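Trainee: Contents of data.cif (mmCIF, C-alpha atoms and all ligand atoms) are below:
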data_coords
#
loop_
_atom_site.label_atom_id
_atom_site.label_comp_id
_atom_site.auth_asym_id
_atom_site.auth_seq_id
_atom_site.Cartn_x
_atom_site.Cartn_y
_atom_site.Cartn_z
CA MET H 1 173.38 45.16 124.30
CA ASP H 2 171.42 42.89 126.61
CA HIS H 3 171.87 39.90 128.89
CA PHE H 4 170.04 37.25 126.84
CA LEU H 5 172.83 35.19 125.33
CA TYR H 6 173.44 31.62 124.24
CA ARG H 7 175.67 29.67 126.56
CA ASP H 8 176.49 25.95 126.29
CA GLY H 9 173.92 25.59 123.51
CA ALA H 10 171.00 27.21 125.36
CA LEU H 11 169.53 30.70 125.67
CA TYR H 12 170.07 32.29 129.07
CA ALA H 13 168.46 35.24 130.82
CA GLU H 14 171.52 36.51 132.72
CA ASP H 15 172.63 33.32 134.54
CA VAL H 16 169.33 31.46 134.32
CA PRO H 17 168.50 29.10 131.43
CA VAL H 18 165.30 30.32 129.76
CA ALA H 19 164.11 26.69 129.54
CA GLU H 20 164.30 26.42 133.33
CA ILE H 21 161.94 29.38 133.71
CA ALA H 22 159.59 27.86 131.12
CA ALA H 23 159.52 24.61 133.08
CA ALA H 24 158.65 26.52 136.26
CA VAL H 25 156.00 28.97 134.97
CA GLY H 26 154.72 27.46 131.71
CA THR H 27 154.49 29.29 128.39
CA PRO H 28 154.01 31.90 127.13
CA PHE H 29 155.66 34.36 129.53
CA TYR H 30 157.68 37.58 129.66
CA VAL H 31 161.11 37.63 131.28
CA TYR H 32 163.08 40.76 132.16
CA SER H 33 166.76 41.22 132.95
CA THR H 34 167.64 43.44 135.91
CA ALA H 35 171.19 44.02 134.65
CA THR H 36 169.93 45.22 131.26
CA LEU H 37 167.39 47.60 132.83
CA ILE H 38 170.03 49.12 135.09
CA ARG H 39 172.63 49.35 132.35
CA HIS H 40 170.31 51.21 129.98
CA PHE H 41 169.15 53.58 132.70
CA ALA H 42 172.79 54.27 133.62
CA LEU H 43 173.66 55.09 129.98
CA PHE H 44 171.13 57.92 129.99
CA ASP H 45 172.08 59.04 133.48
CA GLU H 46 175.74 59.32 132.44
CA ALA H 47 174.88 60.97 129.12
CA LEU H 48 173.21 63.84 131.03
CA GLY H 49 176.07 64.17 133.49
CA PHE H 50 176.83 67.69 132.22
CA ALA H 51 173.72 69.14 133.95
CA ASP H 52 171.37 68.75 136.86
CA HIS H 53 169.03 66.10 135.55
CA LEU H 54 166.47 63.40 136.19
CA VAL H 55 165.86 60.42 133.91
CA CYS H 56 162.13 59.68 134.22
CA PHE H 57 161.35 56.19 132.95
CA ALA H 58 158.21 56.19 130.74
CA MET H 59 156.19 53.68 132.73
CA LYS H 60 153.78 53.11 129.89
CA SER H 61 156.44 50.93 128.24
CA LEU H 62 156.67 48.48 131.16
CA SER H 63 154.92 49.16 134.42
CA ASN H 64 155.37 46.09 136.62
CA GLN H 65 156.17 47.31 140.14
CA ALA H 66 159.24 45.11 140.44
CA VAL H 67 160.74 46.79 137.36
CA ILE H 68 159.79 50.22 138.71
CA LYS H 69 161.48 49.37 142.02
CA VAL H 70 164.69 48.25 140.26
CA LEU H 71 164.85 51.51 138.31
CA GLY H 72 163.78 53.64 141.27
CA ASP H 73 166.53 52.12 143.41
CA ALA H 74 168.99 53.02 140.64
CA GLY H 75 167.85 56.67 140.92
CA ALA H 76 165.23 56.94 138.18
CA GLY H 77 162.19 59.16 138.27
CA MET H 78 158.96 58.12 136.52
CA ASP H 79 156.90 59.59 133.70
CA VAL H 80 153.26 58.62 134.27
CA VAL H 81 150.17 59.16 132.12
CA SER H 82 147.31 58.06 134.36
CA ALA H 83 146.30 57.85 138.00
CA GLY H 84 146.88 54.11 137.71
CA GLU H 85 150.51 54.60 136.70
CA TYR H 86 150.93 57.28 139.37
CA LEU H 87 149.64 54.95 142.10
CA ARG H 88 151.73 52.06 140.78
CA ALA H 89 154.86 54.22 140.95
CA ARG H 90 154.03 55.26 144.49
CA ALA H 91 153.31 51.64 145.45
CA ALA H 92 156.77 50.74 144.11
CA GLY H 93 158.30 53.35 146.43
CA ILE H 94 158.91 56.24 144.01
CA PRO H 95 158.53 59.55 145.87
CA GLY H 96 156.13 62.10 144.38
CA GLU H 97 158.94 64.57 143.77
CA ARG H 98 160.39 62.14 141.23
CA ILE H 99 157.15 61.69 139.25
CA VAL H 100 156.10 63.76 136.23
CA PHE H 101 152.55 63.54 134.92
CA SER H 102 152.15 63.61 131.11
CA GLY H 103 149.16 63.02 128.83
CA VAL H 104 146.55 64.96 126.82
CA GLY H 105 143.50 63.95 128.80
CA LYS H 106 144.20 64.17 132.52
CA THR H 107 140.94 64.26 134.45
CA ALA H 108 140.28 66.43 137.52
CA ASP H 109 140.27 63.24 139.64
CA GLU H 110 143.67 62.21 138.33
CA MET H 111 145.05 65.69 139.02
CA ARG H 112 143.70 65.52 142.57
CA THR H 113 145.30 62.12 143.17
CA ALA H 114 148.70 63.40 142.07
CA LEU H 115 148.47 66.75 143.89
CA GLN H 116 147.45 65.12 147.14
CA GLY H 117 150.08 62.41 146.87
CA GLY H 118 152.90 64.72 145.76
CA ILE H 119 154.13 65.40 142.23
CA ARG H 120 157.22 66.86 140.60
CA GLN H 121 155.32 68.55 137.78
CA PHE H 122 152.40 68.28 135.40
CA ASN H 123 153.20 68.51 131.70
CA VAL H 124 150.14 70.46 130.60
CA GLU H 125 148.96 69.96 127.03
CA SER H 126 146.17 72.50 126.46
CA GLU H 127 144.50 75.66 127.74
CA PRO H 128 141.35 73.82 128.94
CA GLU H 129 143.56 71.43 130.92
CA MET H 130 145.31 74.41 132.45
CA VAL H 131 142.01 75.89 133.59
CA VAL H 132 140.98 72.63 135.26
CA LEU H 133 144.36 72.10 136.93
CA ASP H 134 144.29 75.65 138.30
CA GLN H 135 140.83 75.04 139.80
CA VAL H 136 141.75 71.66 141.28
CA ALA H 137 144.98 72.96 142.80
CA ARG H 138 143.26 75.98 144.37
CA SER H 139 140.46 73.81 145.77
CA LEU H 140 143.14 71.79 147.57
CA GLY H 141 145.04 74.90 148.71
CA LYS H 142 148.01 73.87 146.57
CA VAL H 143 150.05 75.26 143.71
CA ALA H 144 150.70 72.88 140.82
CA PRO H 145 154.18 73.04 139.25
CA ILE H 146 153.81 72.92 135.46
CA THR H 147 155.59 72.82 132.16
CA VAL H 148 153.62 73.33 128.97
CA ARG H 149 154.10 70.69 126.31
CA VAL H 150 154.78 72.41 123.03
CA ASN H 151 154.26 70.82 119.65
CA PRO H 152 157.27 71.88 117.58
CA ASP H 153 155.86 70.67 114.24
CA VAL H 154 158.81 68.40 113.55
CA ASP H 155 158.62 65.17 111.57
CA ALA H 156 159.95 62.39 113.80
CA LYS H 157 160.32 60.06 110.78
CA THR H 158 158.84 57.11 112.62
CA HIS H 159 155.70 54.95 112.28
CA ALA H 160 152.64 57.23 111.88
CA LYS H 161 150.90 55.70 114.91
CA ILE H 162 153.74 56.72 117.24
CA ALA H 163 154.73 60.13 115.81
CA THR H 164 153.52 62.96 118.06
CA GLY H 165 155.37 66.15 117.13
CA LYS H 166 153.61 67.26 113.94
CA SER H 167 150.94 69.93 113.99
CA GLU H 168 148.28 67.39 112.91
CA ASN H 169 148.93 65.27 116.04
CA LYS H 170 146.77 65.76 119.15
CA PHE H 171 149.73 66.48 121.42
CA GLY H 172 150.89 69.72 123.02
CA ILE H 173 150.08 73.29 122.04
CA PRO H 174 151.40 74.72 118.78
CA ILE H 175 154.75 76.30 119.53
CA SER H 176 153.59 79.43 117.69
CA ARG H 177 150.95 79.98 120.43
CA ALA H 178 153.29 79.22 123.31
CA ARG H 179 153.91 82.80 124.46
CA ASP H 180 150.17 83.49 124.81
CA VAL H 181 149.61 80.25 126.71
CA TYR H 182 152.47 80.98 129.12
CA ALA H 183 151.06 84.49 129.69
CA MET H 184 147.71 82.88 130.54
CA ALA H 185 149.37 80.37 132.93
CA ALA H 186 151.27 83.12 134.73
CA LYS H 187 147.94 84.73 135.71
CA MET H 188 146.60 81.56 137.35
CA PRO H 189 147.29 81.42 141.09
CA GLY H 190 146.95 77.62 141.25
CA LEU H 191 149.81 77.11 138.78
CA LYS H 192 153.53 77.75 138.92
CA VAL H 193 155.33 77.70 135.58
CA ILE H 194 158.72 76.03 135.88
CA GLY H 195 159.64 74.99 132.38
CA ILE H 196 158.91 73.61 128.93
CA ASP H 197 158.09 70.06 127.78
CA VAL H 198 158.43 68.46 124.36
CA HIS H 199 158.10 64.89 123.04
CA ILE H 200 158.04 64.26 119.30
CA GLY H 201 157.52 60.52 118.97
CA SER H 202 158.77 57.04 119.65
CA GLN H 203 161.28 54.66 118.04
CA LEU H 204 163.27 57.50 116.46
CA THR H 205 166.26 56.09 114.64
CA GLU H 206 167.94 59.41 113.78
CA LEU H 207 169.04 62.35 115.90
CA ALA H 208 168.09 65.10 113.42
CA PRO H 209 164.41 65.41 114.46
CA PHE H 210 165.45 65.72 118.13
CA GLU H 211 167.94 68.39 117.14
CA ALA H 212 165.31 70.39 115.23
CA ALA H 213 162.85 70.17 118.15
CA TYR H 214 165.38 71.02 120.87
CA LYS H 215 166.65 74.05 118.94
CA LYS H 216 163.08 75.37 118.85
CA VAL H 217 162.77 74.74 122.59
CA ALA H 218 166.01 76.66 123.21
CA GLU H 219 164.71 79.65 121.24
CA LEU H 220 161.42 79.52 123.08
CA THR H 221 163.21 79.40 126.44
CA GLU H 222 164.93 82.67 125.64
CA GLN H 223 161.71 84.31 124.43
CA LEU H 224 159.78 83.21 127.50
CA ARG H 225 162.52 84.40 129.83
CA ALA H 226 162.45 87.76 128.06
CA ASP H 227 158.68 87.79 128.69
CA GLY H 228 159.43 87.42 132.41
CA HIS H 229 158.78 83.68 132.96
CA GLU H 230 161.05 81.56 135.06
CA ILE H 231 162.13 78.66 132.86
CA SER H 232 164.40 76.48 134.95
CA ARG H 233 163.54 72.97 133.76
CA LEU H 234 163.33 71.40 130.30
CA ASP H 235 161.58 68.06 129.86
CA LEU H 236 162.82 66.76 126.51
CA GLY H 237 160.59 63.68 126.29
CA GLY H 238 161.52 60.15 125.26
CA GLY H 239 161.65 58.42 121.93
CA LEU H 240 165.19 57.21 121.27
CA GLY H 241 164.84 54.03 119.20
CA ILE H 242 166.34 50.59 119.67
CA PRO H 243 167.63 47.99 117.21
CA TYR H 244 164.84 45.45 116.66
CA ALA H 245 166.57 43.50 113.90
CA ARG H 246 170.02 42.93 115.30
CA SER H 247 171.45 42.25 111.89
CA ASN H 248 171.05 45.63 110.23
CA GLU H 249 169.92 48.45 112.53
CA ALA H 250 172.11 50.80 114.53
CA PRO H 251 170.10 53.66 116.03
CA PRO H 252 171.99 56.46 117.80
CA LEU H 253 173.47 55.79 121.23
CA PRO H 254 172.39 57.55 124.44
CA THR H 255 175.87 59.13 124.67
CA ASP H 256 175.40 60.88 121.33
CA TYR H 257 171.87 61.85 122.31
CA GLY H 258 173.30 63.38 125.51
CA LYS H 259 175.87 65.34 123.51
CA LEU H 260 173.10 66.62 121.25
CA ILE H 261 171.14 67.80 124.30
CA GLU H 262 174.20 69.55 125.68
CA ARG H 263 174.85 71.20 122.31
CA THR H 264 171.27 72.42 121.78
CA VAL H 265 170.08 73.43 125.26
CA GLY H 266 173.11 73.04 127.57
CA HIS H 267 173.91 76.79 127.53
CA LEU H 268 170.55 77.67 129.10
CA GLY H 269 171.49 76.42 132.57
CA CYS H 270 168.23 74.50 132.96
CA GLU H 271 167.69 71.28 134.83
CA ILE H 272 167.16 68.55 132.21
CA GLU H 273 164.58 65.79 132.30
CA ILE H 274 164.08 63.06 129.75
CA GLU H 275 161.38 60.39 129.55
CA PRO H 276 162.84 57.32 127.83
CA GLY H 277 160.78 54.14 127.89
CA ARG H 278 161.69 51.76 125.09
CA LEU H 279 165.45 52.20 125.25
CA ILE H 280 165.48 51.20 128.90
CA SER H 281 162.93 48.38 128.81
CA GLY H 282 162.80 47.14 125.21
CA ASN H 283 165.88 44.98 125.03
CA ALA H 284 165.55 44.08 128.71
CA GLY H 285 162.70 41.68 127.93
CA LEU H 286 161.86 38.52 126.00
CA MET H 287 158.53 36.92 125.34
CA VAL H 288 158.97 33.18 125.40
CA SER H 289 156.50 30.94 123.63
CA LYS H 290 156.15 27.29 122.65
CA VAL H 291 155.59 25.80 119.20
CA ILE H 292 152.22 24.02 119.18
CA TYR H 293 152.16 22.86 115.56
CA VAL H 294 154.12 23.18 112.35
CA LYS H 295 151.47 23.20 109.65
CA SER H 296 152.06 22.93 105.90
CA GLY H 297 149.97 25.30 103.80
CA GLU H 298 149.73 25.28 100.02
CA ASP H 299 152.81 27.39 99.45
CA ARG H 300 154.22 27.97 102.93
CA ASP H 301 154.74 26.52 106.36
CA PHE H 302 153.00 28.00 109.40
CA LEU H 303 154.61 27.96 112.79
CA ILE H 304 151.72 28.01 115.24
CA LEU H 305 152.78 29.26 118.67
CA ASP H 306 151.01 29.33 122.02
CA GLY H 307 151.69 33.09 122.22
CA ALA H 308 149.40 35.39 120.24
CA MET H 309 148.58 38.98 119.30
CA ASN H 310 146.82 39.46 122.64
CA ASP H 311 150.16 38.78 124.39
CA LEU H 312 152.35 40.87 122.06
CA ILE H 313 150.39 43.16 119.78
CA ARG H 314 153.22 45.17 118.21
CA PRO H 315 153.56 43.13 114.98
CA ALA H 316 149.79 43.27 114.34
CA MET H 317 149.47 46.93 115.29
CA TYR H 318 152.60 48.56 113.87
CA GLU H 319 153.94 45.90 111.48
CA ALA H 320 156.78 45.73 114.01
CA TRP H 321 159.67 43.30 113.57
CA HIS H 322 160.82 41.22 116.52
CA ASP H 323 163.69 38.78 116.12
CA ILE H 324 162.39 35.30 116.96
CA VAL H 325 165.03 32.80 118.02
CA PRO H 326 165.00 29.20 119.24
CA VAL H 327 165.81 28.70 122.91
CA VAL H 328 168.09 25.78 121.99
CA GLU H 329 171.02 27.26 120.09
CA PRO H 330 171.06 26.16 116.45
CA GLU H 331 174.13 24.29 115.18
CA PRO H 332 176.28 26.46 112.87
CA GLY H 333 175.68 24.32 109.75
CA ASP H 334 171.86 23.95 110.13
CA ALA H 335 169.90 25.05 107.06
CA PRO H 336 167.32 27.74 107.95
CA ALA H 337 163.61 27.17 107.44
CA LYS H 338 161.03 29.76 106.33
CA TYR H 339 157.77 30.19 108.24
CA ASP H 340 154.76 32.40 108.64
CA ILE H 341 154.82 32.69 112.43
CA VAL H 342 151.34 32.96 113.92
CA GLY H 343 149.36 32.60 117.12
CA PRO H 344 146.16 30.61 117.77
CA ILE H 345 143.76 33.60 117.69
CA CYS H 346 140.90 33.55 115.23
CA GLU H 347 141.94 36.33 112.90
CA SER H 348 144.60 36.63 110.24
CA GLY H 349 146.03 39.70 111.96
CA ASP H 350 147.39 37.28 114.55
CA THR H 351 150.63 37.06 112.61
CA PHE H 352 154.03 37.78 114.13
CA ALA H 353 156.08 37.43 110.96
CA LYS H 354 155.65 36.42 107.34
CA ALA H 355 158.14 34.32 105.37
CA ARG H 356 160.58 34.62 108.25
CA GLU H 357 163.85 32.77 107.86
CA MET H 358 164.87 31.16 111.10
CA PRO H 359 166.39 27.91 112.31
CA ARG H 360 164.10 24.88 111.93
CA VAL H 361 162.00 24.14 115.04
CA GLU H 362 159.62 21.34 116.03
CA PRO H 363 156.43 21.14 118.12
CA ASP H 364 157.16 21.69 121.83
CA ASP H 365 160.34 23.68 121.08
CA LEU H 366 160.61 27.05 122.81
CA VAL H 367 161.18 30.28 120.90
CA ALA H 368 162.00 33.73 122.26
CA PHE H 369 160.83 37.07 120.88
CA ARG H 370 163.63 39.56 121.44
CA SER H 371 163.17 43.25 122.29
CA ALA H 372 159.78 42.53 123.82
CA GLY H 373 160.25 44.32 127.15
CA ALA H 374 158.74 47.62 125.98
CA TYR H 375 155.06 47.87 125.00
CA GLY H 376 154.69 44.10 125.37
CA ALA H 377 153.05 43.01 128.63
CA VAL H 378 151.52 46.47 129.14
CA MET H 379 149.58 46.26 125.88
CA SER H 380 148.38 42.71 126.35
CA SER H 381 144.74 41.72 126.73
CA GLU H 382 142.57 38.69 127.37
CA TYR H 383 141.17 38.56 123.84
CA ASN H 384 139.82 35.08 123.04
CA SER H 385 139.65 34.55 126.84
CA ARG H 386 143.35 33.86 127.00
CA PRO H 387 144.59 34.74 130.52
CA LEU H 388 147.29 37.46 130.74
CA ILE H 389 150.69 35.80 130.63
CA PRO H 390 153.06 35.91 133.60
CA GLU H 391 156.04 38.24 134.01
CA VAL H 392 159.31 37.02 135.48
CA LEU H 393 162.30 39.04 136.69
CA VAL H 394 165.83 37.65 136.60
CA ASP H 395 168.72 39.02 138.63
CA GLY H 396 171.96 37.07 138.23
CA ASN H 397 171.19 33.43 138.95
CA GLN H 398 167.83 34.05 140.62
CA PHE H 399 164.40 34.54 139.12
CA ALA H 400 160.95 35.33 140.50
CA VAL H 401 157.44 35.58 139.11
CA ILE H 402 156.52 39.27 139.37
CA ARG H 403 153.00 38.86 138.00
CA ALA H 404 151.39 35.45 138.13
CA ARG H 405 149.29 33.95 135.38
CA PRO H 406 145.65 34.21 136.50
CA THR H 407 143.78 30.91 136.71
CA TYR H 408 140.79 30.42 134.44
CA GLU H 409 138.59 30.76 137.53
CA GLU H 410 140.13 34.13 138.39
CA MET H 411 139.70 35.39 134.85
CA ILE H 412 136.13 34.16 134.45
CA GLY H 413 135.21 35.11 138.02
CA ARG H 414 135.62 38.82 137.26
CA ASP H 415 132.36 38.80 135.29
CA THR H 416 129.22 39.25 137.34
CA LEU H 417 125.69 38.37 136.31
CA PRO H 418 123.00 40.99 136.90
CA GLU H 419 120.29 39.98 139.33
CA TRP H 420 117.70 39.56 136.59
CA LEU H 421 119.76 36.86 134.91
CA SER H 422 120.66 34.84 137.95
N1 LIG Q 501 157.01 60.58 126.88
C1 LIG Q 501 155.81 60.70 126.29
C2 LIG Q 501 155.01 61.92 126.51
C3 LIG Q 501 155.33 59.66 125.47
O1 LIG Q 501 154.13 59.78 124.88
C4 LIG Q 501 156.12 58.50 125.27
C5 LIG Q 501 155.64 57.40 124.45
C6 LIG Q 501 157.35 58.42 125.92
C7 LIG Q 501 157.77 59.50 126.71
C8 LIG Q 501 158.26 57.23 125.80
O2 LIG Q 501 158.69 57.01 124.50
P1 LIG Q 501 159.81 55.90 124.22
O3 LIG Q 501 161.10 56.37 124.83
O4 LIG Q 501 159.34 54.63 124.82
O5 LIG Q 501 159.87 55.84 122.73
N2 LIG Q 501 153.09 51.37 121.77
C9 LIG Q 501 154.05 51.91 120.83
C10 LIG Q 501 154.82 53.07 121.40
C11 LIG Q 501 153.95 54.19 121.93
C12 LIG Q 501 154.73 55.34 122.50
C13 LIG Q 501 153.83 56.31 123.20
N3 LIG Q 501 154.49 57.39 123.87
C14 LIG Q 501 154.97 50.78 120.36
O6 LIG Q 501 154.79 49.63 120.77
O7 LIG Q 501 155.86 51.01 119.55
#
Please render this file's structure as structure tokens.

Mentor:
Amino acid sequence: MDHFLYRDGALYAEDVPVAEIAAAVGTPFYVYSTATLIRHFALFDEALGFADHLVCFAMKSLSNQAVIKVLGDAGAGMDVVSAGEYLRARAAGIPGERIVFSGVGKTADEMRTALQGGIRQFNVESEPEMVVLDQVARSLGKVAPITVRVNPDVDAKTHAKIATGKSENKFGIPISRARDVYAMAAKMPGLKVIGIDVHIGSQLTELAPFEAAYKKVAELTEQLRADGHEISRLDLGGGLGIPYARSNEAPPLPTDYGKLIERTVGHLGCEIEIEPGRLISGNAGLMVSKVIYVKSGEDRDFLILDGAMNDLIRPAMYEAWHDIVPVVEPEPGDAPAKYDIVGPICESGDTFAKAREMPRVEPDDLVAFRSAGAYGAVMSSEYNSRPLIPEVLVDGNQFAVIRARPTYEEMIGRDTLPEWLS
């Protein structure tokens, strides 16, 4: 559920008409709903009420500082994967003890930044990373709290590009080698083992793969404790999917996910962390775009929008479906039209949807891409020298630009000519 609903014939973001935002900031743009962000965070927070826990928002899904501040104020921690995300979280007021650092390729510099600034834990993904972290921590006179990310070899049954828990994926250490790796970590004075980490993929629409992975983590917890390690925290990753096509998808709810966690690892008495991104931010955002032309092809009509693959790459990259709806509510009896919905970029991959049935629209009409809050703005680029599009946050009846659209001068001015060319 979200807070983007039709009211009096027009699409609203909470209590603000989407068309009013478009008139103020121009198109295309992203708009986020504070109420939806908080509601989705609270669902996870309540679902883990049975244990000590921290819900760490996966910042990679949506990292604007205003969003991070909203979630931080609600009590969220952050899951970061780069020094940039770490510093962004800190700039948004998140204390280091609420930040976990994930990722397969942390550099020594990134480790230093996080250790000096304060960090809850590093989720270590390999032996070589462990060696470097131990050195960096000792050089700073610190001890780095760690979990080891294990790869449970479970099929997440999601798109191949976002599955991470099979043995052929680059993530984590094979669970079969875990005991040796923990023994190695225990000998390193710069590290303190505190738990286990697992994350099997994104946009999971069934609970069974989580269940299989968490059962393996529970078994491993007992083995590692028997080996003498203190395992007091389990980071169970993110990945719970959202409905993209409202008509026919119903992925599991956070409440049921929480019950599954309680059932599989609740008896171990560990503090629980999770790292959801998409379920918190996905349906909290729209991308709003304007129709430039409706063009008749030989056997189809093309809806050419001012938004493109550089603004929202998910359809081009993962064949992802986003519902695309007019900002003026269609009349009940209106016959639908069928369009290939495309952007202005010079490649055929710049296609949002093929043969999509939707209400008929005209040039200058606004359309909204639903479920665009996660992996939307953060994956955008300036391909074709199209400036990054603005982000807007709504809270009740107020809205504010939280990242402005750069001017052409700002975008072009970032290039510098070498002396020999000037
Ligand atoms: N934790 C780790 C270690 C991750 O790698 C990810 C996502 C998450 C948490 C958050 O997963 P979520 O709850 O958002 O599913 N760009 C792709 C998704 C990439 C996901 C990468 N890792 C997309 O647009 O579908």

Trainee: May I ask which of the residues H:Asp197, H:Asp2, H:Glu85, H:Asp227 is the closest one to Glu275 (chain H), counting all atoms listed in the file?

Mentor: H:Asp197

Trainee: Hey, what's within 7 Å of region 124-130 of chain H if we count all atoms listed in the file and toss same-chain stuff fewer than 5 positions away? As a tab-separated table (two decimals) with C-alpha atoms, in the coordinates of the input, please?

Mentor:
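Saved the output as part.tsv:
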chain	number	residue	atom	x	y	z
H	104	VAL	CA	146.55	64.96	126.82
H	146	ILE	CA	153.81	72.92	135.46
H	147	THR	CA	155.59	72.82	132.16
H	148	VAL	CA	153.62	73.33	128.97
H	149	ARG	CA	154.10	70.69	126.31
H	171	PHE	CA	149.73	66.48	121.42
H	172	GLY	CA	150.89	69.72	123.02
H	173	ILE	CA	150.08	73.29	122.04
H	181	VAL	CA	149.61	80.25	126.71

Trainee: Which is closer to Leu388 (chain H) than all the others in H:Gly269, H:Gly238, H:Gly307, H:Gly141, using only C-alpha atoms?

Mentor: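 The closest residue to Leu388 (chain H) is H:Gly307.
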
Trainee: For CA of Tyr30 (chain H) and CA of Arg314 (chain H), quote the distance in Å rounded to one decimal.

Mentor: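 Straight-line distance from CA of Tyr30 (chain H) to CA of Arg314 (chain H) works out to 14.4 Å.
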
Trainee: Please check which protein, DNA or RNA residues sit within 8 Å of ligand LIG 501 (chain Q), counting all atoms listed in the file, and write them as a ChimeraX atom specification.

Mentor: /H:57-58,60-61,79,81,102-103,161-162,164,198-199,201-204,237-241,274-280,313-314,318,320,374-376,379
